[in-house]
file run12.txt (compact mmCIF, C-alpha atoms)
# COMPACT_ATOMS: atom_id res chain seq x y z
CA MET A 1191 -11.34 -35.45 5.82
CA ALA A 1192 -11.86 -31.85 4.76
CA LEU A 1193 -9.86 -29.42 6.88
CA ASN A 1194 -10.80 -25.93 7.94
CA ARG A 1195 -7.80 -23.63 7.77
CA GLU A 1196 -9.17 -21.12 10.27
CA ASP A 1197 -8.74 -23.72 13.02
CA TYR A 1198 -4.98 -23.79 12.63
CA GLU A 1199 -3.36 -20.82 10.95
CA GLU A 1200 -2.77 -17.92 13.37
CA PRO A 1201 0.15 -15.56 14.13
CA VAL A 1202 2.73 -16.41 16.79
CA CYS A 1203 3.37 -14.69 20.14
CA LEU A 1204 4.59 -15.37 23.68
CA LEU A 1205 1.42 -15.43 25.80
CA GLN A 1206 1.85 -17.63 28.87
CA PRO A 1207 -0.31 -20.73 29.26
CA PRO A 1208 -3.55 -20.48 31.26
CA ARG A 1209 -2.15 -21.92 34.49
CA GLN A 1210 0.36 -19.05 34.54
CA SER A 1211 -2.27 -16.43 33.68
CA GLY A 1212 -4.52 -16.99 36.68
CA THR A 1213 -3.59 -13.65 38.27
CA ALA A 1214 -5.27 -11.64 35.52
CA HIS A 1215 -7.38 -8.88 37.10
CA ASN A 1216 -11.17 -8.82 36.82
CA CYS A 1217 -11.43 -5.81 34.55
CA SER A 1218 -15.12 -5.69 33.74
CA GLY A 1219 -15.72 -4.13 30.34
CA GLN A 1220 -12.15 -4.71 29.18
CA PRO A 1221 -11.59 -6.90 26.10
CA ILE A 1222 -9.43 -9.97 26.40
CA PRO A 1223 -6.07 -9.84 24.51
CA LEU A 1224 -7.52 -11.82 21.63
CA ALA A 1225 -4.55 -11.67 19.24
CA GLU A 1226 -2.26 -13.06 21.94
CA VAL A 1227 -4.81 -15.67 22.99
CA ILE A 1228 -5.19 -16.95 19.44
CA ALA A 1229 -1.44 -16.84 18.90
CA ARG A 1230 -0.96 -19.09 21.92
CA CYS A 1231 -3.52 -21.46 20.37
CA ASP A 1232 -1.22 -21.68 17.38
CA GLU A 1233 1.79 -22.45 19.56
CA LEU A 1234 -0.06 -25.25 21.34
CA PHE A 1235 -1.37 -26.63 18.07
CA ASN A 1236 2.13 -26.68 16.62
CA ALA A 1237 3.33 -28.46 19.76
CA ASN A 1238 0.60 -31.08 19.24
CA ASP A 1239 -0.72 -30.52 22.78
CA PRO A 1240 -4.54 -30.69 22.56
CA ALA A 1241 -5.02 -31.00 26.33
CA ALA A 1242 -3.19 -27.73 26.98
CA LEU A 1243 -5.02 -26.09 24.08
CA GLY A 1244 -8.40 -27.04 25.55
CA GLU A 1245 -7.35 -25.70 28.96
CA HIS A 1246 -6.17 -22.49 27.35
CA LEU A 1247 -9.45 -21.95 25.48
CA ARG A 1248 -11.61 -22.67 28.52
CA PHE A 1249 -9.54 -20.31 30.67
CA TRP A 1250 -9.92 -17.40 28.26
CA ARG A 1251 -13.59 -18.03 27.64
CA GLN A 1252 -14.14 -17.67 31.39
CA LYS A 1253 -12.13 -14.44 31.37
CA ALA A 1254 -14.15 -13.08 28.45
CA GLN A 1255 -17.37 -13.87 30.33
CA ALA A 1256 -16.06 -12.30 33.55
CA TRP A 1257 -14.94 -9.16 31.72
CA GLY A 1258 -18.13 -8.87 29.67
CA ASP A 1259 -16.29 -9.24 26.36
CA LYS A 1260 -18.92 -10.97 24.23
CA SER A 1261 -17.04 -10.43 20.98
CA GLY A 1262 -13.93 -12.04 22.43
CA GLU A 1263 -15.98 -14.87 23.87
CA LEU A 1264 -17.49 -15.54 20.45
CA SER A 1265 -14.02 -15.78 18.90
CA ILE A 1266 -12.98 -18.25 21.60
CA LEU A 1267 -16.15 -20.31 21.05
CA SER A 1268 -15.37 -20.45 17.34
CA GLU A 1269 -11.93 -21.86 18.17
CA MET A 1270 -13.55 -24.31 20.59
CA MET A 1271 -15.79 -25.65 17.83
CA GLY A 1272 -12.72 -26.60 15.82
CA HIS A 1273 -10.80 -27.90 18.83
CA TYR A 1274 -13.57 -30.19 20.07
CA ARG A 1275 -14.21 -31.41 16.53
CA MET A 1276 -10.57 -32.39 16.19
CA THR A 1277 -10.50 -34.11 19.58
CA GLY A 1278 -13.80 -35.92 18.93
CA ASN A 1279 -15.70 -34.43 21.87
CA GLU A 1280 -19.24 -34.21 20.48
CA THR A 1281 -20.88 -32.97 23.67
CA LEU A 1282 -18.55 -30.01 24.15
CA ALA A 1283 -18.53 -29.24 20.42
CA LEU A 1284 -22.32 -29.05 20.29
CA GLN A 1285 -22.39 -26.85 23.39
CA ALA A 1286 -19.81 -24.49 21.86
CA ILE A 1287 -21.92 -24.31 18.70
CA LYS A 1288 -25.11 -23.60 20.64
CA ASP A 1289 -23.45 -20.87 22.71
CA GLY A 1290 -21.67 -19.40 19.69
CA LEU A 1291 -24.82 -19.13 17.58
CA GLN A 1292 -26.60 -17.47 20.50
CA LEU A 1293 -23.83 -14.87 20.76
CA LEU A 1294 -23.98 -14.31 16.99
CA ARG A 1295 -27.61 -13.31 17.39
CA GLU A 1296 -26.87 -11.09 20.38
CA LEU A 1297 -24.02 -9.26 18.66
CA ASN A 1298 -26.03 -8.68 15.46
CA ILE A 1299 -23.19 -9.36 13.02
CA ALA A 1300 -25.17 -11.38 10.50
CA ASN A 1301 -23.98 -11.32 6.87
CA SER A 1302 -20.43 -10.33 7.83
CA VAL A 1303 -17.23 -12.19 6.94
CA SER A 1304 -16.73 -12.98 10.64
CA CYS A 1305 -20.21 -14.44 10.80
CA GLY A 1306 -19.44 -16.60 7.78
CA THR A 1307 -16.24 -17.96 9.33
CA ILE A 1308 -17.98 -18.82 12.61
CA LEU A 1309 -20.81 -20.53 10.73
CA ILE A 1310 -18.24 -22.61 8.81
CA ASN A 1311 -16.60 -23.72 12.05
CA ALA A 1312 -20.01 -24.65 13.44
CA ALA A 1313 -20.99 -26.50 10.27
CA THR A 1314 -17.69 -28.37 10.06
CA ALA A 1315 -18.11 -29.61 13.62
CA LEU A 1316 -21.73 -30.61 13.00
CA GLN A 1317 -20.66 -32.45 9.86
CA ALA A 1318 -17.92 -34.31 11.73
CA PHE A 1319 -20.51 -35.69 14.14
CA GLY A 1320 -23.00 -36.67 11.45
CA TYR A 1321 -25.40 -33.70 11.49
CA PHE A 1322 -25.27 -33.20 7.73
CA LYS A 1323 -28.57 -31.40 7.20
CA GLU A 1324 -27.77 -28.80 9.85
CA ALA A 1325 -24.24 -28.43 8.50
CA LEU A 1326 -25.44 -27.74 4.96
CA THR A 1327 -27.82 -25.06 6.27
CA HIS A 1328 -24.96 -23.23 7.98
CA TYR A 1329 -22.66 -23.66 4.96
CA ALA A 1330 -25.27 -22.06 2.72
CA GLU A 1331 -25.57 -19.07 5.05
CA ALA A 1332 -21.78 -18.81 5.29
CA PHE A 1333 -21.55 -18.78 1.50
CA ARG A 1334 -23.97 -15.83 1.40
CA CYS A 1335 -21.84 -13.99 3.97
CA TYR A 1336 -18.62 -14.55 2.03
CA ASN A 1337 -20.18 -13.85 -1.34
CA SER A 1338 -21.30 -10.42 -0.11
CA HIS A 1339 -17.80 -9.31 0.88
CA LEU A 1340 -14.96 -11.45 -0.52
CA ASP A 1341 -13.28 -11.81 -3.88
CA PRO A 1342 -14.27 -15.11 -5.55
CA ASN A 1343 -10.62 -16.24 -5.41
CA ASP A 1344 -10.19 -15.49 -1.71
CA TRP A 1345 -8.68 -18.59 -0.05
CA ARG A 1346 -11.50 -18.65 2.52
CA PHE A 1347 -13.91 -19.68 -0.21
CA ALA A 1348 -11.84 -22.81 -0.82
CA GLY A 1349 -12.26 -24.08 2.73
CA LEU A 1350 -15.98 -23.47 2.53
CA LEU A 1351 -16.29 -25.21 -0.84
CA ASN A 1352 -14.24 -28.19 0.38
CA ASN A 1353 -16.44 -28.66 3.40
CA MET A 1354 -19.65 -28.21 1.42
CA ALA A 1355 -18.40 -30.89 -0.97
CA ALA A 1356 -17.67 -33.29 1.88
CA ALA A 1357 -21.14 -32.79 3.32
CA HIS A 1358 -22.76 -33.50 -0.05
CA ALA A 1359 -20.57 -36.58 -0.50
CA ALA A 1360 -21.64 -37.87 2.91
CA ASN A 1361 -25.24 -37.46 1.76
CA GLY A 1362 -24.53 -39.45 -1.42
CA ASP A 1363 -24.76 -36.42 -3.70
CA PHE A 1364 -21.54 -37.11 -5.63
CA GLN A 1365 -22.31 -34.77 -8.51
CA HIS A 1366 -22.50 -31.67 -6.32
CA ALA A 1367 -19.57 -32.88 -4.23
CA GLN A 1368 -17.30 -33.15 -7.27
CA ALA A 1369 -18.38 -29.73 -8.54
CA PHE A 1370 -17.57 -28.07 -5.21
CA TYR A 1371 -14.19 -29.83 -4.93
CA ARG A 1372 -13.29 -28.67 -8.44
CA GLN A 1373 -14.30 -25.10 -7.60
CA ALA A 1374 -12.14 -25.29 -4.47
CA LEU A 1375 -9.16 -26.39 -6.57
CA GLU A 1376 -9.60 -23.39 -8.86
CA VAL A 1377 -9.50 -21.02 -5.88
CA LEU A 1378 -6.53 -22.77 -4.27
CA THR A 1379 -4.58 -22.73 -7.53
CA ALA A 1380 -5.25 -19.03 -7.91
CA CYS A 1381 -3.97 -18.21 -4.42
CA GLY A 1382 -1.15 -20.78 -4.31
CA ASN A 1383 -2.38 -22.68 -1.26
CA LEU A 1384 -0.51 -26.00 -1.47
CA MET A 1385 -1.68 -27.77 1.70
CA ASP A 1386 -5.38 -27.19 1.19
CA LYS A 1387 -4.89 -28.11 -2.44
CA ALA A 1388 -3.36 -31.45 -1.35
CA VAL A 1389 -6.33 -32.10 0.92
CA THR A 1390 -8.71 -31.37 -1.94
CA PHE A 1391 -6.95 -33.85 -4.22
CA VAL A 1392 -7.19 -36.50 -1.49
CA ASN A 1393 -10.86 -35.69 -1.02
CA LEU A 1394 -11.46 -36.13 -4.73
CA ALA A 1395 -9.61 -39.47 -4.72
CA GLN A 1396 -11.89 -40.67 -1.93
CA LEU A 1397 -14.94 -39.37 -3.77
CA TYR A 1398 -14.02 -41.26 -6.95
CA ASP A 1399 -13.36 -44.39 -4.89
CA GLN A 1400 -16.84 -44.19 -3.36
CA GLN A 1401 -18.31 -44.40 -6.85
CA ASP A 1402 -15.87 -46.83 -8.52
CA SER A 1403 -12.82 -48.29 -6.77
CA SER A 1404 -11.19 -48.98 -10.16
CA ASP A 1405 -11.44 -45.38 -11.35
CA GLU A 1406 -8.01 -44.38 -12.72
CA ARG A 1407 -8.56 -40.84 -11.46
CA ILE A 1408 -7.99 -42.04 -7.87
CA ASN A 1409 -4.25 -42.44 -8.32
CA GLN A 1410 -4.08 -39.34 -10.47
CA MET A 1411 -5.51 -37.30 -7.60
CA LEU A 1412 -3.16 -38.90 -5.07
CA ASP A 1413 -0.18 -38.22 -7.32
CA GLN A 1414 -1.12 -34.55 -7.48
CA ALA A 1415 -1.57 -34.42 -3.70
CA MET A 1416 1.95 -35.79 -3.19
CA GLN A 1417 3.29 -33.18 -5.59
CA CYS A 1418 1.85 -30.52 -3.29
CA PHE A 1419 3.49 -32.04 -0.20
CA GLN A 1420 6.84 -32.28 -1.99
CA ASP A 1421 6.71 -28.88 -3.65
CA PRO A 1422 9.79 -26.82 -2.64
CA ALA A 1423 7.46 -23.89 -1.96
CA ALA A 1424 5.57 -25.80 0.77
CA ALA A 1425 6.27 -24.26 4.19
CA HIS A 1426 7.09 -26.96 6.74
CA ASP A 1427 5.04 -25.47 9.57
CA GLY A 1428 2.34 -26.74 11.93
CA TYR A 1429 -0.31 -26.73 9.25
CA PHE A 1430 1.97 -28.73 6.94
CA ALA A 1431 2.56 -31.32 9.68
CA HIS A 1432 -1.13 -31.52 10.54
CA THR A 1433 -2.10 -31.97 6.89
CA CYS A 1434 0.53 -34.67 6.35
CA SER A 1435 -0.71 -36.51 9.42
CA LYS A 1436 -4.37 -36.27 8.39
CA CYS A 1437 -3.77 -37.39 4.81
CA ALA A 1438 -1.27 -40.18 5.49
CA SER A 1439 -3.87 -42.82 6.39
CA ALA A 1440 -5.78 -42.18 3.17
CA PHE A 1441 -2.71 -43.09 1.14
CA GLY A 1442 -2.33 -46.24 3.20
CA LEU A 1443 -5.92 -47.26 2.59
CA PHE A 1444 -5.28 -46.97 -1.14
CA GLY A 1445 -2.26 -49.26 -0.81
CA ARG A 1446 0.29 -46.48 -1.25
CA LEU A 1447 2.27 -47.46 1.82
CA GLU A 1448 5.48 -45.65 0.90
CA ASP A 1449 3.59 -42.37 0.53
CA GLU A 1450 1.88 -43.02 3.88
CA ARG A 1451 5.24 -43.63 5.54
CA LEU A 1452 6.73 -40.50 3.99
CA LEU A 1453 3.87 -38.25 5.12
CA LYS A 1454 4.04 -39.61 8.65
CA LYS A 1455 7.79 -38.94 8.62
CA TYR A 1456 7.22 -35.34 7.51
CA ALA A 1457 4.79 -34.81 10.39
CA GLY A 1458 6.99 -36.61 12.90
CA ASP A 1459 10.07 -34.65 11.90
CA PHE A 1460 8.22 -31.36 12.40
CA TYR A 1461 6.76 -32.25 15.80
CA ALA A 1462 10.10 -33.60 16.99
CA GLY A 1463 11.68 -30.23 16.31
CA ALA A 1464 8.70 -28.00 17.16
call {"tool": "encode", "arguments": {"input": "run12.txt", "output": "structure tokens"}}
result
Amino acid sequence: MALNREDYEEPVCLLQPPRQSGTAHNCSGQPIPLAEVIARCDELFNANDPAALGEHLRFWRQKAQAWGDKSGELSILSEMMGHYRMTGNETLALQAIKDGLQLLRELNIANSVSCGTILINAATALQAFGYFKEALTHYAEAFRCYNSHLDPNDWRFAGLLNNMAAAHAANGDFQHAQAFYRQALEVLTACGNLMDKAVTFVNLAQLYDQQDSSDERINQMLDQAMQCFQDPAAAHDGYFAHTCSKCASAFGLFGRLEDERLLKKYAGDFYAGA
């Protein structure tokens, strides 16, 4: 359930899709136009077109390899980890993780913020496919990377804490899971991140349900999540639509069918006009 913001939130630009970029010259030693490549990822994500997004990522990874741009290739592999996690392709996700970690070693960027973000993407994908022990190892290393460079209230810590909590919950360690979710909420409140805050409230509701389905805190958490979705300050962008879509089913499972319908409508309205 936990979402990793780095997979979705990028700037916007007008890069053409891969099938229209096939005439790019083989400029060995030249970096790929990474900002434009990632911006096009954002466009395709907002358009809810995972097939085109996968094609786009594979195209530019091949270009990065052909041009000898290992740094660019690593960034593409990090995006691939998130993409294949979201589309449920375990084989390709694991291959992207393997190749990405190898490039991390080759580029010697250990203990950097970039290293931490890539490790989180790897860990989140591993977690999604049930590799909890490996995921927790990468999360711990990512935490060390972030802790060395970032302010404790930096929003990137919240995504890490959320995912660490989910991994502990999957392992049955509810005490640590709750502590990490609560820490994530503190960070998200400090930086005003409404969508990730909504996800965290839903995660907490599910955590309480795992321990006691009659726990009154379940509905309290869901109420607070809905307040985030309906906050006038919430930007109705691709990340908003994605978060509504991901969280809607959880409300339905808790019998809150009107909230489920409303969240699906929010997502549908955005994609219809995207």
call {"tool": "residues_around", "arguments": {"input": "run12.txt", "residues": "Arg1407 of chain A", "least_positions_apart": "3", "cutoff": "8 Å", "atoms": "only C-alpha atoms", "output": "PDB file with C-alpha atoms, keeping the file's coordinate frame"}}
result
ATOM      1  CA  ALA A1395      -9.610 -39.470  -4.720  1.00  0.00           C
ATOM      2  CA  TYR A1398     -14.020 -41.260  -6.950  1.00  0.00           C
ATOM      3  CA  GLN A1410      -4.080 -39.340 -10.470  1.00  0.00           C
ATOM      4  CA  MET A1411      -5.510 -37.300  -7.600  1.00  0.00           C
TER       5      MET A1411
END
call {"tool": "residues_around", "arguments": {"input": "run12.txt", "residues": "segment 1380-1389 of chain A", "least_positions_apart": "3", "cutoff": "8 Å", "atoms": "only C-alpha atoms", "output": "ChimeraX atom specification"}}
result
/A:1191-1193,1195,1343-1345,1349,1375-1377,1392-1393,1414-1416,1418-1419,1424,1429-1430,1433,1437
call {"tool": "atom_distance", "arguments": {"input": "run12.txt", "atom1": "atom CA of Ser1265 of chain A", "atom2": "atom CA of Val1303 of chain A"}}
result
12.9 Å
call {"tool": "closest_residue", "arguments": {"input": "run12.txt", "among": "A:Asn1337, A:Ala1318, A:Ile1308, A:Leu1297", "to": "Glu1280 of chain A", "atoms": "only C-alpha atoms"}}
result
A:Ala1318
call {"tool": "closest_residue", "arguments": {"input": "run12.txt", "among": "A:Leu1378, A:Ala1457, A:Ile1408, A:Ile1310", "to": "Gly1445 of chain A", "atoms": "all atoms listed in the file"}}
result
A:Ile1408
call {"tool": "closest_residue", "arguments": {"input": "run12.txt", "among": "A:Leu1394, A:Ala1315, A:Leu1350, A:Leu1291", "to": "Tyr1371 of chain A", "atoms": "all atoms listed in the file"}}
result
A:Leu1394
call {"tool": "atom_distance", "arguments": {"input": "run12.txt", "atom1": "atom CA of Leu1247 of chain A", "atom2": "atom CA of Leu1234 of chain A"}}
result
10.8 Å
call {"tool": "atom_distance", "arguments": {"input": "run12.txt", "atom1": "atom CA of Ala1241 of chain A", "atom2": "atom CA of Asn1353 of chain A"}}
result
25.7 Å
call {"tool": "closest_residue", "arguments": {"input": "run12.txt", "among": "A:Leu1282, A:Ala1462, A:Ala1359, A:Leu1264", "to": "Leu1309 of chain A", "atoms": "all atoms listed in the file"}}
result
A:Leu1264
call {"tool": "residues_around", "arguments": {"input": "run12.txt", "residues": "Lys1288 of chain A", "least_positions_apart": "4", "cutoff": "12 Å", "atoms": "only C-alpha atoms", "output": "ChimeraX atom specification"}}
result
/A:1264,1267-1268,1270-1271,1281-1284,1292-1295,1308-1309,1312-1313,1315-1316
call {"tool": "residues_around", "arguments": {"input": "run12.txt", "residues": "Glu1263 of chain A", "least_positions_apart": "3", "cutoff": "6 Å", "atoms": "all atoms listed in the file", "output": "number ranges by chain"}}
result
A: 1251, 1254, 1260, 1266
call {"tool": "closest_residue", "arguments": {"input": "run12.txt", "among": "A:Asp1427, A:Ser1404, A:Phe1319, A:Leu1443", "to": "Glu1233 of chain A", "atoms": "only C-alpha atoms"}}
result
A:Asp1427
call {"tool": "residues_around", "arguments": {"input": "run12.txt", "residues": "Asn1352 of chain A", "least_positions_apart": "4", "cutoff": "7 Å", "atoms": "all atoms listed in the file", "output": "ChimeraX atom specification"}}
result
/A:1192,1348,1356,1370-1371,1374,1390
call {"tool": "closest_residue", "arguments": {"input": "run12.txt", "among": "A:Ser1403, A:Trp1257, A:Arg1248, A:Asp1239", "to": "Val1227 of chain A", "atoms": "all atoms listed in the file"}}
result
A:Arg1248
call {"tool": "residues_near_point", "arguments": {"input": "run12.txt", "point": "(-8.9, -9.0, 17.8)", "cutoff": "12 Å", "atoms": "only C-alpha atoms", "output": "ChimeraX atom specification"}}
result
/A:1200-1201,1221-1229,1259,1261-1266,1304
call {"tool": "axis_aligned_box", "arguments": {"input": "run12.txt", "around": "segment 1255-1273 of chain A", "padding_each_side": "8 Å", "output": "JSON"}}
result
{"center_x": -14.9, "center_y": -18.4, "center_z": 24.7, "size_x": 24.1, "size_y": 35.0, "size_z": 33.7}
call {"tool": "decode", "arguments": {"input": "run12.txt", "residues": "segment 1272-1283 of chain A", "atoms": "all heavy atoms", "output": "PDB file, in the first residue's frame"}}
result
ATOM      1  N   GLY A1272      10.487   1.189 -10.076  1.00  0.00           N
ATOM      2  CA  GLY A1272       9.157   1.618  -9.682  1.00  0.00           C
ATOM      3  C   GLY A1272       8.100   1.226 -10.700  1.00  0.00           C
ATOM      4  O   GLY A1272       7.006   0.785 -10.335  1.00  0.00           O
ATOM      5  N   HIS A1273       8.435   1.359 -11.977  1.00  0.00           N
ATOM      6  CA  HIS A1273       7.463   1.033 -13.030  1.00  0.00           C
ATOM      7  C   HIS A1273       7.088  -0.447 -12.995  1.00  0.00           C
ATOM      8  O   HIS A1273       5.888  -0.792 -13.040  1.00  0.00           O
ATOM      9  CB  HIS A1273       8.051   1.391 -14.398  1.00  0.00           C
ATOM     10  CG  HIS A1273       7.225   0.894 -15.543  1.00  0.00           C
ATOM     11  ND1 HIS A1273       5.979   1.399 -15.835  1.00  0.00           N
ATOM     12  CD2 HIS A1273       7.468  -0.090 -16.459  1.00  0.00           C
ATOM     13  CE1 HIS A1273       5.485   0.768 -16.883  1.00  0.00           C
ATOM     14  NE2 HIS A1273       6.361  -0.142 -17.280  1.00  0.00           N
ATOM     15  N   TYR A1274       8.083  -1.317 -12.919  1.00  0.00           N
ATOM     16  CA  TYR A1274       7.784  -2.751 -12.944  1.00  0.00           C
ATOM     17  C   TYR A1274       7.131  -3.213 -11.647  1.00  0.00           C
ATOM     18  O   TYR A1274       6.365  -4.184 -11.641  1.00  0.00           O
ATOM     19  CB  TYR A1274       9.051  -3.549 -13.239  1.00  0.00           C
ATOM     20  CG  TYR A1274       9.550  -3.354 -14.655  1.00  0.00           C
ATOM     21  CD1 TYR A1274      10.891  -3.029 -14.907  1.00  0.00           C
ATOM     22  CD2 TYR A1274       8.684  -3.486 -15.735  1.00  0.00           C
ATOM     23  CE1 TYR A1274      11.339  -2.843 -16.201  1.00  0.00           C
ATOM     24  CE2 TYR A1274       9.130  -3.294 -17.037  1.00  0.00           C
ATOM     25  CZ  TYR A1274      10.456  -2.974 -17.270  1.00  0.00           C
ATOM     26  OH  TYR A1274      10.902  -2.788 -18.554  1.00  0.00           O
ATOM     27  N   ARG A1275       7.418  -2.513 -10.545  1.00  0.00           N
ATOM     28  CA  ARG A1275       6.685  -2.803  -9.305  1.00  0.00           C
ATOM     29  C   ARG A1275       5.209  -2.494  -9.489  1.00  0.00           C
ATOM     30  O   ARG A1275       4.339  -3.298  -9.137  1.00  0.00           O
ATOM     31  CB  ARG A1275       7.255  -1.973  -8.150  1.00  0.00           C
ATOM     32  CG  ARG A1275       6.408  -2.034  -6.873  1.00  0.00           C
ATOM     33  CD  ARG A1275       7.027  -1.229  -5.747  1.00  0.00           C
ATOM     34  NE  ARG A1275       7.178   0.172  -6.059  1.00  0.00           N
ATOM     35  CZ  ARG A1275       6.211   1.082  -5.960  1.00  0.00           C
ATOM     36  NH1 ARG A1275       4.993   0.716  -5.588  1.00  0.00           N
ATOM     37  NH2 ARG A1275       6.446   2.344  -6.254  1.00  0.00           N
ATOM     38  N   MET A1276       4.926  -1.335 -10.048  1.00  0.00           N
ATOM     39  CA  MET A1276       3.532  -0.909 -10.202  1.00  0.00           C
ATOM     40  C   MET A1276       2.771  -1.782 -11.199  1.00  0.00           C
ATOM     41  O   MET A1276       1.558  -1.970 -11.065  1.00  0.00           O
ATOM     42  CB  MET A1276       3.486   0.549 -10.638  1.00  0.00           C
ATOM     43  CG  MET A1276       3.948   1.526  -9.582  1.00  0.00           C
ATOM     44  SD  MET A1276       4.009   3.215 -10.223  1.00  0.00           S
ATOM     45  CE  MET A1276       2.276   3.499 -10.530  1.00  0.00           C
ATOM     46  N   THR A1277       3.464  -2.310 -12.201  1.00  0.00           N
ATOM     47  CA  THR A1277       2.796  -3.141 -13.194  1.00  0.00           C
ATOM     48  C   THR A1277       2.861  -4.621 -12.840  1.00  0.00           C
ATOM     49  O   THR A1277       2.359  -5.463 -13.590  1.00  0.00           O
ATOM     50  CB  THR A1277       3.420  -2.923 -14.589  1.00  0.00           C
ATOM     51  OG1 THR A1277       4.839  -3.153 -14.529  1.00  0.00           O
ATOM     52  CG2 THR A1277       3.153  -1.498 -15.081  1.00  0.00           C
ATOM     53  N   GLY A1278       3.491  -4.957 -11.704  1.00  0.00           N
ATOM     54  CA  GLY A1278       3.494  -6.333 -11.219  1.00  0.00           C
ATOM     55  C   GLY A1278       4.405  -7.273 -11.972  1.00  0.00           C
ATOM     56  O   GLY A1278       4.221  -8.498 -11.921  1.00  0.00           O
ATOM     57  N   ASN A1279       5.419  -6.746 -12.649  1.00  0.00           N
ATOM     58  CA  ASN A1279       6.337  -7.592 -13.413  1.00  0.00           C
ATOM     59  C   ASN A1279       7.565  -7.907 -12.560  1.00  0.00           C
ATOM     60  O   ASN A1279       8.558  -7.186 -12.575  1.00  0.00           O
ATOM     61  CB  ASN A1279       6.744  -6.902 -14.715  1.00  0.00           C
ATOM     62  CG  ASN A1279       7.410  -7.860 -15.684  1.00  0.00           C
ATOM     63  OD1 ASN A1279       8.181  -8.732 -15.295  1.00  0.00           O
ATOM     64  ND2 ASN A1279       7.090  -7.709 -16.961  1.00  0.00           N
ATOM     65  N   GLU A1280       7.494  -9.002 -11.806  1.00  0.00           N
ATOM     66  CA  GLU A1280       8.558  -9.347 -10.868  1.00  0.00           C
ATOM     67  C   GLU A1280       9.883  -9.609 -11.570  1.00  0.00           C
ATOM     68  O   GLU A1280      10.939  -9.151 -11.123  1.00  0.00           O
ATOM     69  CB  GLU A1280       8.157 -10.573 -10.050  1.00  0.00           C
ATOM     70  CG  GLU A1280       9.220 -11.014  -9.058  1.00  0.00           C
ATOM     71  CD  GLU A1280       8.780 -12.192  -8.207  1.00  0.00           C
ATOM     72  OE1 GLU A1280       7.578 -12.547  -8.245  1.00  0.00           O
ATOM     73  OE2 GLU A1280       9.634 -12.765  -7.495  1.00  0.00           O
ATOM     74  N   THR A1281       9.858 -10.334 -12.674  1.00  0.00           N
ATOM     75  CA  THR A1281      11.092 -10.692 -13.366  1.00  0.00           C
ATOM     76  C   THR A1281      11.862  -9.458 -13.812  1.00  0.00           C
ATOM     77  O   THR A1281      13.072  -9.332 -13.561  1.00  0.00           O
ATOM     78  CB  THR A1281      10.786 -11.575 -14.586  1.00  0.00           C
ATOM     79  OG1 THR A1281      10.144 -12.775 -14.145  1.00  0.00           O
ATOM     80  CG2 THR A1281      12.077 -11.948 -15.325  1.00  0.00           C
ATOM     81  N   LEU A1282      11.171  -8.531 -14.466  1.00  0.00           N
ATOM     82  CA  LEU A1282      11.849  -7.325 -14.949  1.00  0.00           C
ATOM     83  C   LEU A1282      12.228  -6.399 -13.802  1.00  0.00           C
ATOM     84  O   LEU A1282      13.257  -5.712 -13.868  1.00  0.00           O
ATOM     85  CB  LEU A1282      10.964  -6.601 -15.959  1.00  0.00           C
ATOM     86  CG  LEU A1282      10.756  -7.336 -17.294  1.00  0.00           C
ATOM     87  CD1 LEU A1282       9.873  -6.517 -18.234  1.00  0.00           C
ATOM     88  CD2 LEU A1282      12.092  -7.657 -17.964  1.00  0.00           C
ATOM     89  N   ALA A1283      11.424  -6.368 -12.744  1.00  0.00           N
ATOM     90  CA  ALA A1283      11.770  -5.550 -11.583  1.00  0.00           C
ATOM     91  C   ALA A1283      13.056  -6.047 -10.935  1.00  0.00           C
ATOM     92  O   ALA A1283      13.957  -5.259 -10.620  1.00  0.00           O
ATOM     93  CB  ALA A1283      10.629  -5.560 -10.569  1.00  0.00           C
TER      94      ALA A1283
END
